[in-house]
$ cat work30.cif   # mmCIF, C-alpha atoms
data_final
#
loop_
_atom_site.label_atom_id
_atom_site.label_comp_id
_atom_site.auth_asym_id
_atom_site.auth_seq_id
_atom_site.Cartn_x
_atom_site.Cartn_y
_atom_site.Cartn_z
CA MET V 105 32.59 -40.65 -32.35
CA ARG V 106 34.03 -40.35 -28.86
CA LEU V 107 34.81 -36.65 -29.41
CA TRP V 108 31.24 -36.01 -30.57
CA LEU V 109 29.83 -37.72 -27.48
CA MET V 110 32.09 -35.68 -25.21
CA ALA V 111 31.01 -32.44 -26.90
CA PHE V 112 27.35 -33.45 -26.56
CA ALA V 113 27.84 -34.19 -22.86
CA LEU V 114 29.48 -30.81 -22.33
CA CYS V 115 26.51 -29.11 -23.99
CA LEU V 116 24.11 -30.93 -21.67
CA CYS V 117 26.13 -29.86 -18.64
CA ALA V 118 26.21 -26.24 -19.77
CA ALA V 119 22.48 -26.03 -20.54
CA PRO V 120 21.25 -25.75 -16.91
CA ALA V 121 23.74 -22.97 -16.18
CA LEU V 122 22.56 -21.00 -19.21
CA ALA V 123 18.92 -21.54 -18.24
CA GLN V 124 19.64 -20.20 -14.77
CA ASP V 125 20.87 -16.93 -16.26
CA LYS V 126 17.39 -16.14 -17.57
CA ASP V 127 14.94 -14.02 -15.59
CA ALA V 128 12.36 -15.96 -13.60
CA GLU V 129 9.08 -16.39 -15.47
CA GLY V 130 6.74 -13.43 -14.99
CA SER V 131 9.41 -11.29 -13.34
CA LYS V 132 10.48 -7.76 -14.22
CA ASP V 133 12.45 -4.87 -12.79
CA HIS V 134 10.65 -2.37 -10.58
CA PRO V 135 9.61 0.62 -12.75
CA MET V 136 11.73 3.00 -10.66
CA PHE V 137 14.82 0.85 -10.09
CA SER V 138 16.73 -0.88 -12.88
CA ARG V 139 19.12 -3.76 -12.24
CA MET V 140 22.90 -3.62 -12.14
CA PRO V 141 24.66 -4.77 -15.36
CA GLY V 142 25.39 -8.49 -15.53
CA TYR V 143 22.62 -9.67 -13.19
CA TYR V 144 19.41 -11.63 -13.78
CA ILE V 145 16.23 -12.07 -11.71
CA GLU V 146 16.32 -15.38 -9.86
CA ASP V 147 13.19 -14.80 -7.71
CA TYR V 148 10.32 -12.33 -7.90
CA ASP V 149 7.23 -11.48 -5.84
CA ALA V 150 4.84 -8.53 -6.21
CA GLN V 151 1.74 -7.91 -4.08
CA ASP V 152 -0.89 -5.15 -4.20
CA PHE V 153 -0.71 -4.77 -0.42
CA SER V 154 1.52 -6.16 2.29
CA THR V 155 3.39 -5.21 5.44
CA PHE V 156 7.16 -5.23 5.68
CA GLU V 157 9.56 -4.78 8.58
CA LEU V 158 12.44 -2.56 7.51
CA ASP V 159 15.83 -3.67 8.83
CA THR V 160 16.53 -0.34 10.52
CA ASP V 161 17.55 0.39 14.10
CA PRO V 162 15.00 0.26 15.62
CA SER V 163 13.04 -1.77 13.07
CA ARG V 164 10.10 -0.11 11.38
CA ASN V 165 6.93 -1.57 9.85
CA VAL V 166 5.59 -0.08 6.62
CA GLU V 167 2.56 -0.98 4.48
CA GLY V 168 1.68 -0.67 0.83
CA ARG V 169 2.45 -2.15 -2.59
CA TYR V 170 5.27 -4.64 -2.20
CA TRP V 171 8.03 -6.04 -4.39
CA LYS V 172 10.79 -8.53 -3.65
CA ILE V 173 13.28 -8.92 -6.51
CA SER V 174 16.30 -11.20 -6.12
CA TYR V 175 19.20 -10.62 -8.51
CA TRP V 176 22.07 -13.07 -9.13
CA VAL V 177 25.21 -12.39 -11.14
CA LYS V 178 25.24 -14.13 -14.51
CA ASP V 179 27.67 -16.95 -15.16
CA GLY V 180 30.93 -15.38 -16.29
CA ALA V 181 29.82 -11.81 -15.55
CA ARG V 182 31.75 -9.57 -13.21
CA LYS V 183 30.09 -9.10 -9.84
CA ILE V 184 29.78 -5.63 -8.33
CA GLY V 185 31.05 -4.97 -4.82
CA PRO V 186 28.40 -4.61 -2.09
CA VAL V 187 29.33 -1.02 -1.15
CA GLN V 188 29.29 0.18 -4.76
CA LEU V 189 26.09 -1.72 -5.45
CA SER V 190 24.10 -0.34 -2.50
CA ARG V 191 25.36 3.21 -2.96
CA ASN V 192 24.19 3.25 -6.56
CA TYR V 193 20.60 2.77 -5.42
CA VAL V 194 20.76 5.02 -2.37
CA ASP V 195 22.48 7.87 -4.23
CA LEU V 196 19.74 7.72 -6.87
CA MET V 197 17.07 8.16 -4.19
CA ILE V 198 18.97 10.98 -2.48
CA LYS V 199 19.22 12.85 -5.80
CA ARG V 200 15.43 12.61 -6.04
CA GLY V 201 14.88 14.10 -2.58
CA GLY V 202 15.18 10.92 -0.52
CA LYS V 203 17.35 10.02 2.43
CA LYS V 204 19.28 7.08 3.83
CA LEU V 205 17.70 5.49 6.91
CA TYR V 206 20.20 2.72 7.63
CA ASP V 207 23.53 1.50 6.28
CA ASP V 208 25.52 -1.55 7.37
CA VAL V 209 27.43 -2.77 4.30
CA ASP V 210 31.03 -3.88 3.92
CA ALA V 211 33.03 -5.90 1.37
CA SER V 212 31.19 -9.13 2.22
CA GLY V 213 27.66 -7.70 2.07
CA GLY V 214 25.05 -6.14 4.31
CA THR V 215 21.87 -4.06 4.32
CA THR V 216 20.98 -0.50 3.34
CA VAL V 217 17.58 1.19 3.69
CA ALA V 218 16.45 4.43 2.05
CA GLN V 219 13.24 6.44 1.80
CA MET V 220 12.02 8.77 -0.95
CA PRO V 221 8.86 10.94 -1.18
CA VAL V 222 6.79 10.53 -4.36
CA GLY V 223 3.39 12.10 -4.95
CA GLY V 224 2.65 12.84 -1.31
CA ARG V 225 3.61 9.39 -0.03
CA ASN V 226 6.85 7.50 0.60
CA ILE V 227 8.70 4.76 -1.23
CA TYR V 228 10.99 2.60 0.87
CA LEU V 229 13.86 0.58 -0.57
CA GLU V 230 15.82 -2.06 1.33
CA ILE V 231 18.89 -3.52 -0.38
CA LYS V 232 20.35 -6.77 0.95
CA VAL V 233 23.69 -7.83 -0.56
CA SER V 234 25.36 -11.20 0.08
CA ASN V 235 28.22 -13.37 -1.17
CA SER V 236 30.40 -10.30 -1.73
CA GLY V 237 28.01 -8.99 -4.37
CA GLU V 238 27.09 -12.18 -6.20
CA VAL V 239 23.50 -11.90 -4.96
CA TYR V 240 21.39 -8.91 -3.96
CA GLU V 241 17.72 -8.38 -3.16
CA LEU V 242 15.56 -5.30 -3.52
CA PHE V 243 12.55 -4.91 -1.24
CA VAL V 244 10.38 -2.02 -2.46
CA ILE V 245 7.35 -0.74 -0.56
CA GLU V 246 5.21 2.02 -2.04
CA GLU V 247 3.34 3.40 0.95
CA ALA V 248 -0.42 3.07 0.45
CA ALA V 249 -3.56 2.17 2.32
CA MET V 250 -5.18 -1.18 1.67
CA GLU V 251 -8.01 -1.09 -0.84
CA GLN V 252 -11.10 -2.33 0.92
CA LYS V 253 -12.48 -5.38 -0.90
CA VAL V 254 -14.93 -6.75 1.67
CA GLU V 255 -18.11 -4.84 2.52
CA PHE V 256 -20.40 -4.99 5.56
CA THR V 257 -23.68 -6.79 5.05
CA ALA V 258 -26.89 -5.27 6.42
CA MET V 259 -26.92 -7.93 9.15
CA GLU V 260 -23.33 -7.16 10.16
CA LEU V 261 -24.11 -3.43 10.30
CA ALA V 262 -27.12 -4.15 12.52
CA GLU V 263 -25.01 -6.27 14.86
CA ALA V 264 -22.25 -3.64 15.08
CA LEU V 265 -24.73 -0.85 15.82
CA HIS V 266 -26.46 -2.99 18.45
CA ASP V 267 -23.23 -4.06 20.16
CA LYS V 268 -21.14 -0.87 19.89
CA GLY V 269 -23.63 1.84 18.99
CA SER V 270 -21.54 2.97 16.03
CA VAL V 271 -19.62 1.68 13.02
CA ALA V 272 -16.88 3.30 10.92
CA LEU V 273 -17.02 2.90 7.15
CA HIS V 274 -13.76 3.49 5.26
CA ASN V 275 -15.02 2.50 1.83
CA ILE V 276 -17.37 5.44 1.25
CA LEU V 277 -15.20 7.43 -1.11
CA PHE V 278 -15.30 11.04 -2.30
CA ASP V 279 -13.48 13.10 -4.89
CA THR V 280 -10.36 14.64 -3.36
CA GLY V 281 -11.19 17.80 -1.41
CA LYS V 282 -14.89 17.56 -2.34
CA ALA V 283 -18.15 16.13 -1.03
CA THR V 284 -18.93 14.37 -4.31
CA LEU V 285 -19.51 10.66 -3.79
CA LYS V 286 -17.55 8.39 -6.10
CA PRO V 287 -19.60 5.77 -8.01
CA GLU V 288 -17.86 2.90 -6.21
CA SER V 289 -19.36 4.13 -2.93
CA ALA V 290 -22.72 2.69 -4.01
CA THR V 291 -21.55 -0.79 -3.02
CA ALA V 292 -20.71 0.34 0.51
CA LEU V 293 -23.94 2.33 0.94
CA ALA V 294 -26.25 -0.43 -0.32
CA PRO V 295 -26.32 -2.39 2.98
CA VAL V 296 -26.89 0.86 4.90
CA GLY V 297 -29.99 1.57 2.82
CA GLU V 298 -31.10 -2.04 3.11
CA LEU V 299 -30.81 -1.92 6.90
CA LEU V 300 -32.73 1.35 7.17
CA LYS V 301 -35.53 -0.02 5.00
CA SER V 302 -35.79 -3.26 7.00
CA ASP V 303 -35.80 -1.52 10.39
CA ALA V 304 -38.20 1.41 10.22
CA ALA V 305 -37.49 2.36 13.85
CA LEU V 306 -33.75 2.83 13.30
CA THR V 307 -32.43 6.41 13.33
CA LEU V 308 -28.84 7.30 12.61
CA GLU V 309 -26.42 10.19 12.89
CA ILE V 310 -24.05 10.29 9.93
CA GLN V 311 -20.65 11.67 10.96
CA GLY V 312 -17.91 12.84 8.61
CA HIS V 313 -14.20 12.74 9.47
CA THR V 314 -11.10 13.85 7.55
CA ASP V 315 -7.33 13.59 7.89
CA ASN V 316 -5.31 16.65 8.90
CA ALA V 317 -4.21 17.70 5.40
CA GLY V 318 -5.22 21.31 4.81
CA ALA V 319 -6.70 23.96 7.10
CA ALA V 320 -8.75 22.83 10.09
CA ALA V 321 -11.70 25.07 9.17
CA ALA V 322 -11.80 23.70 5.63
CA ASN V 323 -11.63 20.13 6.93
CA LEU V 324 -14.53 20.78 9.29
CA LYS V 325 -16.68 22.14 6.47
CA LEU V 326 -15.67 19.27 4.19
CA SER V 327 -16.59 16.65 6.80
CA GLN V 328 -19.99 18.28 7.32
CA ASP V 329 -20.67 18.42 3.59
CA ARG V 330 -19.66 14.78 3.12
CA ALA V 331 -21.99 13.63 5.88
CA ALA V 332 -24.78 15.62 4.25
CA ALA V 333 -23.97 14.03 0.86
CA VAL V 334 -24.35 10.55 2.35
CA LYS V 335 -27.72 11.50 3.86
CA THR V 336 -28.93 12.89 0.54
CA TYR V 337 -27.88 9.71 -1.25
CA LEU V 338 -29.73 7.45 1.23
CA VAL V 339 -32.89 9.56 1.09
CA ARG V 340 -32.98 9.75 -2.70
CA THR V 341 -31.81 6.23 -3.49
CA PHE V 342 -33.67 4.21 -0.86
CA GLY V 343 -36.58 6.49 0.02
CA ILE V 344 -35.51 6.85 3.65
CA ALA V 345 -37.34 9.59 5.56
CA ALA V 346 -34.95 12.52 6.01
CA ALA V 347 -36.07 12.92 9.65
CA ARG V 348 -34.50 9.54 10.49
CA LEU V 349 -31.02 10.80 9.55
CA THR V 350 -29.05 13.61 11.17
CA THR V 351 -25.57 14.71 10.14
CA ASN V 352 -22.47 16.04 11.85
CA GLY V 353 -18.88 16.72 10.87
CA PHE V 354 -15.76 16.71 13.03
CA GLY V 355 -13.04 17.50 10.51
CA ASP V 356 -9.67 16.22 11.72
CA THR V 357 -10.44 16.51 15.45
CA ARG V 358 -11.11 12.79 16.08
CA PRO V 359 -8.30 10.80 14.45
CA ILE V 360 -8.18 7.04 14.99
CA ALA V 361 -4.66 6.68 13.55
CA SER V 362 -1.52 8.75 13.11
CA ASN V 363 -1.62 11.33 10.31
CA THR V 364 2.13 11.04 9.70
CA ALA V 365 1.72 8.32 7.04
CA GLU V 366 -0.77 7.71 4.24
CA THR V 367 -1.99 4.48 5.81
CA GLY V 368 -3.04 6.39 8.94
CA ARG V 369 -4.53 9.30 7.00
CA ALA V 370 -6.64 6.87 4.98
CA ARG V 371 -8.08 5.40 8.18
CA ASN V 372 -8.94 8.87 9.47
CA ARG V 373 -10.88 9.69 6.28
CA ARG V 374 -14.11 7.91 7.15
CA VAL V 375 -17.87 8.08 7.64
CA GLU V 376 -19.27 6.85 10.92
CA LEU V 377 -22.83 5.74 11.59
CA VAL V 378 -24.05 6.31 15.14
CA LYS V 379 -27.27 4.79 16.42
CA ARG V 380 -29.69 7.30 17.97
#

$ encode --input "work30.cif" --output "structure tokens"
Amino acid sequence: MRLWLMAFALCLCAAPALAQDKDAEGSKDHPMFSRMPGYYIEDYDAQDFSTFELDTDPSRNVEGRYWKISYWVKDGARKIGPVQLSRNYVDLMIKRGGKKLYDDVDASGGTTVAQMPVGGRNIYLEIKVSNSGEVYELFVIEEAAMEQKVEFTAMELAEALHDKGSVALHNILFDTGKATLKPESATALAPVGELLKSDAALTLEIQGHTDNAGAAAANLKLSQDRAAAVKTYLVRTFGIAAARLTTNGFGDTRPIASNTAETGRARNRRVELVKR
């Protein structure tokens, strides 16, 4: 009887350790980066959009889709040394056209940062290793602009035009390289039409702006065509008199953000309304 009780007690003691070796609920590996053998996910966080300060020298802020995945070595498994661990990830990125941005790892742990281009934008990976390889964290940022969820109301547009004389709209979307309005742009254009209908004296210039991808002449033409497409939509959809709306295009000549990253390029691709 005593032996059975001792065995039962040992099972109870071992149960929490076994449970800890299971991946956290709802967690998974990043689709581009698998885990090292013998490790499980202890903590996991994924967000559609966030900012992250890379541990480089000097530090660098990046924005986009964000993952934080914390891996712990399983009970009884062999840990992998910090240098070997970090180099496995960095070498993979280098083979795919990436580069190492920062490396400060020794036998006790440390941090490595790498960057890799994918589909015209960058993926950043920061690896933090501690406890001589028992624990490591992956921070993955897929560079992207924030998807605009909140729209201007007609009242807010009126206030912005009254106070500043102009307003930039980043959620009027077009097919890539074309002046074809995407269906989701209807939500952003609805308050513009509502404002024009409620204030018959209001006249606007619709201005198109692009990023600097492509030839300057093509960007100029594209920005002009996109401004014209917005005017046509407002006239046809809301019955606004065409004479109340003029159009202009400036191509990539008036950036409001750096064109070196996708987040900046997305801000430069915009339609501005200017009160006349």

$ residues_around --input "work30.cif" --residues "stretch 296-306 of chain V" --least-positions-apart "6" --cutoff "9 Å" --atoms "all atoms listed in the file" --output "list in words"
Phe256, Thr257, Ala258, Met259, Leu261, Ala262, Leu338, Val339, Thr341, Phe342, Gly343, Ile344, Arg348, Lys379 and Arg380 of chain V

$ resolve_selection --input "work30.cif" --expression "the PyMOL selection byres ((chain V and resi 135) around 12)" --output "list in words"
Ser131, Lys132, Asp133, His134, Met136, Phe137, Ser138, Arg139, Trp171, Ile173, Val244 and Glu246 of chain V

$ closest_residue --input "work30.cif" --among "V:Glu230, V:Asp315, V:Asp195, V:Asp210" --to "V:Ile245" --atoms "all atoms listed in the file"
V:Glu230

$ residues_around --input "work30.cif" --residues "V:Asn323" --least-positions-apart "3" --cutoff "12 Å" --atoms "only C-alpha atoms" --output "list of chain:residue names"
V:Thr280, V:Gly281, V:Lys282, V:Ala283, V:Gly312, V:His313, V:Thr314, V:Asp315, V:Asn316, V:Ala317, V:Gly318, V:Ala319, V:Ala320, V:Leu326, V:Ser327, V:Gln328, V:Asp329, V:Arg330, V:Gly353, V:Phe354, V:Gly355, V:Asp356, V:Thr357, V:Arg358, V:Asn372, V:Arg373

$ atom_distance --input "work30.cif" --atom1 "atom CA of V:Gly180" --atom2 "atom CA of V:Gly142"
8.9 Å

$ closest_atom_pairs --input "work30.cif" --of "stretch 200-254 of chain V" --to "stretch 181-191 of chain V" --cutoff "8 Å" --atoms "all atoms listed in the file" --output "CSV"
residue,atom,partner,partner_atom,distance
V:Val209,CA,V:Val187,CA,6.0
V:Asp210,CA,V:Val187,CA,6.1
V:Ala211,CA,V:Pro186,CA,5.9
V:Ser212,CA,V:Pro186,CA,6.8
V:Gly213,CA,V:Pro186,CA,5.2
V:Gly214,CA,V:Pro186,CA,7.4
V:Thr216,CA,V:Ser190,CA,6.6
V:Ile231,CA,V:Ser190,CA,6.5
V:Val233,CA,V:Pro186,CA,5.9
V:Ser234,CA,V:Pro186,CA,7.6
V:Ser236,CA,V:Pro186,CA,6.0
V:Gly237,CA,V:Pro186,CA,5.0
V:Glu238,CA,V:Lys183,CA,5.6

$ closest_residue --input "work30.cif" --among "V:Asp208, V:Asp125, V:Glu157, V:Asp152" --to "V:Tyr175" --atoms "only C-alpha atoms"
V:Asp125

$ atom_distance --input "work30.cif" --atom1 "atom CA of V:Asn352" --atom2 "atom CA of V:Thr336"
13.4 Å

$ residues_around --input "work30.cif" --residues "V:Asp159" --least-positions-apart "2" --cutoff "8 Å" --atoms "all atoms listed in the file" --output "VMD selection string"
chain V and resid 157 161 to 164 206 215 217 230

$ atom_distance --input "work30.cif" --atom1 "atom CA of V:Leu229" --atom2 "atom CA of V:Phe243"
5.7 Å

$ closest_residue --input "work30.cif" --among "V:Thr284, V:Asn226, V:Ser270, V:Thr307" --to "V:Leu377" --atoms "only C-alpha atoms"
V:Ser270

$ closest_residue --input "work30.cif" --among "V:Ala365, V:Met197, V:Leu308, V:Val334" --to "V:Gly269" --atoms "all atoms listed in the file"
V:Leu308

$ decode --input "work30.cif" --residues "stretch 220-255 of chain V" --atoms "C-alpha atoms" --output "PDB file, in the first residue's frame"
ATOM      1  CA  MET V 220      15.168  39.491 -45.407  1.00  0.00           C
ATOM      2  CA  PRO V 221      13.290  40.887 -48.452  1.00  0.00           C
ATOM      3  CA  VAL V 222      10.074  39.063 -49.401  1.00  0.00           C
ATOM      4  CA  GLY V 223       7.613  40.234 -52.048  1.00  0.00           C
ATOM      5  CA  GLY V 224       8.846  43.817 -52.181  1.00  0.00           C
ATOM      6  CA  ARG V 225       8.884  44.335 -48.415  1.00  0.00           C
ATOM      7  CA  ASN V 226      11.098  43.261 -45.521  1.00  0.00           C
ATOM      8  CA  ILE V 227      10.806  40.650 -42.799  1.00  0.00           C
ATOM      9  CA  TYR V 228      12.773  41.313 -39.631  1.00  0.00           C
ATOM     10  CA  LEU V 229      13.751  38.591 -37.178  1.00  0.00           C
ATOM     11  CA  GLU V 230      15.179  39.217 -33.715  1.00  0.00           C
ATOM     12  CA  ILE V 231      16.418  36.190 -31.771  1.00  0.00           C
ATOM     13  CA  LYS V 232      16.960  36.520 -28.019  1.00  0.00           C
ATOM     14  CA  VAL V 233      18.663  33.558 -26.315  1.00  0.00           C
ATOM     15  CA  SER V 234      19.038  33.182 -22.543  1.00  0.00           C
ATOM     16  CA  ASN V 235      20.038  30.624 -19.905  1.00  0.00           C
ATOM     17  CA  SER V 236      22.744  29.224 -22.180  1.00  0.00           C
ATOM     18  CA  GLY V 237      20.142  28.105 -24.716  1.00  0.00           C
ATOM     19  CA  GLU V 238      17.404  26.795 -22.437  1.00  0.00           C
ATOM     20  CA  VAL V 239      15.091  29.613 -23.560  1.00  0.00           C
ATOM     21  CA  TYR V 240      14.912  31.618 -26.770  1.00  0.00           C
ATOM     22  CA  GLU V 241      12.436  34.095 -28.233  1.00  0.00           C
ATOM     23  CA  LEU V 242      11.663  34.942 -31.837  1.00  0.00           C
ATOM     24  CA  PHE V 243      10.318  38.395 -32.648  1.00  0.00           C
ATOM     25  CA  VAL V 244       9.109  38.486 -36.265  1.00  0.00           C
ATOM     26  CA  ILE V 245       7.909  41.652 -37.988  1.00  0.00           C
ATOM     27  CA  GLU V 246       6.561  41.487 -41.529  1.00  0.00           C
ATOM     28  CA  GLU V 247       6.820  45.062 -42.745  1.00  0.00           C
ATOM     29  CA  ALA V 248       3.396  46.403 -43.724  1.00  0.00           C
ATOM     30  CA  ALA V 249       1.275  49.502 -43.472  1.00  0.00           C
ATOM     31  CA  MET V 250      -1.594  49.561 -41.016  1.00  0.00           C
ATOM     32  CA  GLU V 251      -4.962  48.705 -42.521  1.00  0.00           C
ATOM     33  CA  GLN V 252      -7.217  51.681 -41.965  1.00  0.00           C
ATOM     34  CA  LYS V 253     -10.274  50.610 -39.968  1.00  0.00           C
ATOM     35  CA  VAL V 254     -11.707  53.967 -38.912  1.00  0.00           C
ATOM     36  CA  GLU V 255     -13.233  56.317 -41.486  1.00  0.00           C
TER      37      GLU V 255
END
